[in-house]
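One structure is given below, encoded as structure tokens.
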Amino acid sequence: MTNPKMNYFPEQDVIHLTLTNDEEVESMELSPNITAELNANGELIGVEILKASLFLRDFILESTQAKLMQLQRRASY
């Protein structure tokens with residue numbers, strides 16, 4: 001893997017993560033608003049996240065809530 005790069009495009013609210021300089025031959029939707037980019041060998045070469053600010057907000061909220069729930073369970077023992 002060569003130098004991974006991440007770019008954020010605020011006008012479109014898109015994060016693009018590039019893992020290699022290989023040419024994209026196909027893509028696959030992993031979930032709504034998240035697309036994996038593949039090279040000719042079917043290897044992952046990049047990821048595109050649409051509505052990135054919402055994705056990151058939701059991811060952070062879910063992670064934080066899960067950790068808080070774990071702490072609350074431990075405290076109740």
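Labeling convention for the structure tokens: chains A, B, ... as they appear, residues from 1 per chain, ligands from 1 in order of appearance.
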Q: Find the residues near His16 of chain A: any atom within 10 Å, counting only C-alpha atoms, skip ones fewer than 6 places away on the same chain, and give them as a list of chain:residue names.
A: A:Lys5, A:Met6, A:Asn7, A:Tyr8, A:Phe9, A:Ile34, A:Thr35, A:Gly46, A:Val47, A:Glu48, A:Ile49, A:Leu50, A:Ala52
Taking N, CA and C atoms for each residue, export the selection above as a short mmCIF file (atom, residue, chain, number, x, y, z; two decimals), in the first residue's frame.
```cif
data_model
loop_
_atom_site.label_atom_id
_atom_site.label_comp_id
_atom_site.auth_asym_id
_atom_site.auth_seq_id
_atom_site.Cartn_x
_atom_site.Cartn_y
_atom_site.Cartn_z
N LYS A 5 -4.24 8.62 1.29
CA LYS A 5 -4.57 10.04 1.34
C LYS A 5 -6.06 10.19 1.60
N MET A 6 -6.39 11.20 2.37
CA MET A 6 -7.80 11.49 2.62
C MET A 6 -8.06 12.94 2.23
N ASN A 7 -9.13 13.13 1.49
CA ASN A 7 -9.55 14.47 1.09
C ASN A 7 -10.98 14.68 1.51
N TYR A 8 -11.27 15.90 1.95
CA TYR A 8 -12.64 16.28 2.28
C TYR A 8 -13.05 17.39 1.35
N PHE A 9 -14.22 17.25 0.75
CA PHE A 9 -14.77 18.24 -0.16
C PHE A 9 -16.00 18.85 0.50
N ILE A 34 -21.83 4.96 1.31
CA ILE A 34 -20.44 4.51 1.42
C ILE A 34 -20.14 3.55 0.27
N THR A 35 -19.13 3.92 -0.52
CA THR A 35 -18.77 3.14 -1.70
C THR A 35 -17.31 2.72 -1.63
N GLY A 46 -9.87 2.43 -2.60
CA GLY A 46 -10.38 3.68 -2.07
C GLY A 46 -11.77 3.52 -1.49
N VAL A 47 -12.16 4.54 -0.73
CA VAL A 47 -13.49 4.57 -0.13
C VAL A 47 -14.03 5.98 -0.27
N GLU A 48 -15.29 6.08 -0.62
CA GLU A 48 -15.95 7.38 -0.72
C GLU A 48 -17.14 7.40 0.24
N ILE A 49 -17.21 8.46 1.05
CA ILE A 49 -18.30 8.60 2.01
C ILE A 49 -19.07 9.87 1.68
N LEU A 50 -20.32 9.70 1.25
CA LEU A 50 -21.20 10.83 0.99
C LEU A 50 -21.87 11.25 2.29
N ALA A 52 -20.72 13.05 4.59
CA ALA A 52 -19.67 12.68 5.53
C ALA A 52 -19.87 13.25 6.92
#
```
(Q) Restricting the calculation to only C-alpha atoms: of A:Ile60, A:Ala36, A:Leu44, A:Leu68, which residue gets closest to Asn21 of chain A? (A)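 Using only C-alpha atoms, Asn21 of chain A sits closest to A:Leu44.
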(Q) Please extract the residues of segment 21-70 of chain A with a backbone DSSP assignment of strand (DSSP E or B) and present them as a PyMOL selection string. (A) chain A and resi 26-31+34-38+44-49
Q: Using only C-alpha atoms, find the one residue out of A:Gln70, A:Ser31, A:Asn3, A:Thr64 that sits nearest to Leu19 of chain A.
A: A:Asn3
I'd like the neighbourhood of Lys51 of chain A as an mmCIF file with N, CA and C atoms, in the first residue's frame, where a residue qualifies if any of its atoms comes within 7 Å (using only C-alpha atoms), though same-chain residues fewer than 5 positions away should be ignored.
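Once everything was written out, this is result_26.cif:
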```
data_model
loop_
_atom_site.group_PDB
_atom_site.id
_atom_site.type_symbol
_atom_site.label_atom_id
_atom_site.label_comp_id
_atom_site.auth_asym_id
_atom_site.auth_seq_id
_atom_site.Cartn_x
_atom_site.Cartn_y
_atom_site.Cartn_z
ATOM 1 N N ASP A 13 -19.774 17.717 0.830
ATOM 2 C CA ASP A 13 -19.758 16.968 2.085
ATOM 3 C C ASP A 13 -19.366 15.513 1.830
ATOM 4 N N VAL A 14 -18.222 15.355 1.150
ATOM 5 C CA VAL A 14 -17.728 14.033 0.756
ATOM 6 C C VAL A 14 -16.309 13.845 1.290
ATOM 7 N N ASN A 33 -24.538 5.591 1.064
ATOM 8 C CA ASN A 33 -23.570 6.693 1.118
ATOM 9 C C ASN A 33 -22.117 6.269 1.316
#
```
Q.
Give me, as a list in words, all polymer residues having an atom no more than 12 Å from Ala40 of chain A, counting only C-alpha atoms and skipping those fewer than 6 positions away in the same chain.
A.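 After dropping sequence-adjacent residues, the list is Asp22, Glu23, Glu24, Val25, Glu26 and Ser27 of chain A.
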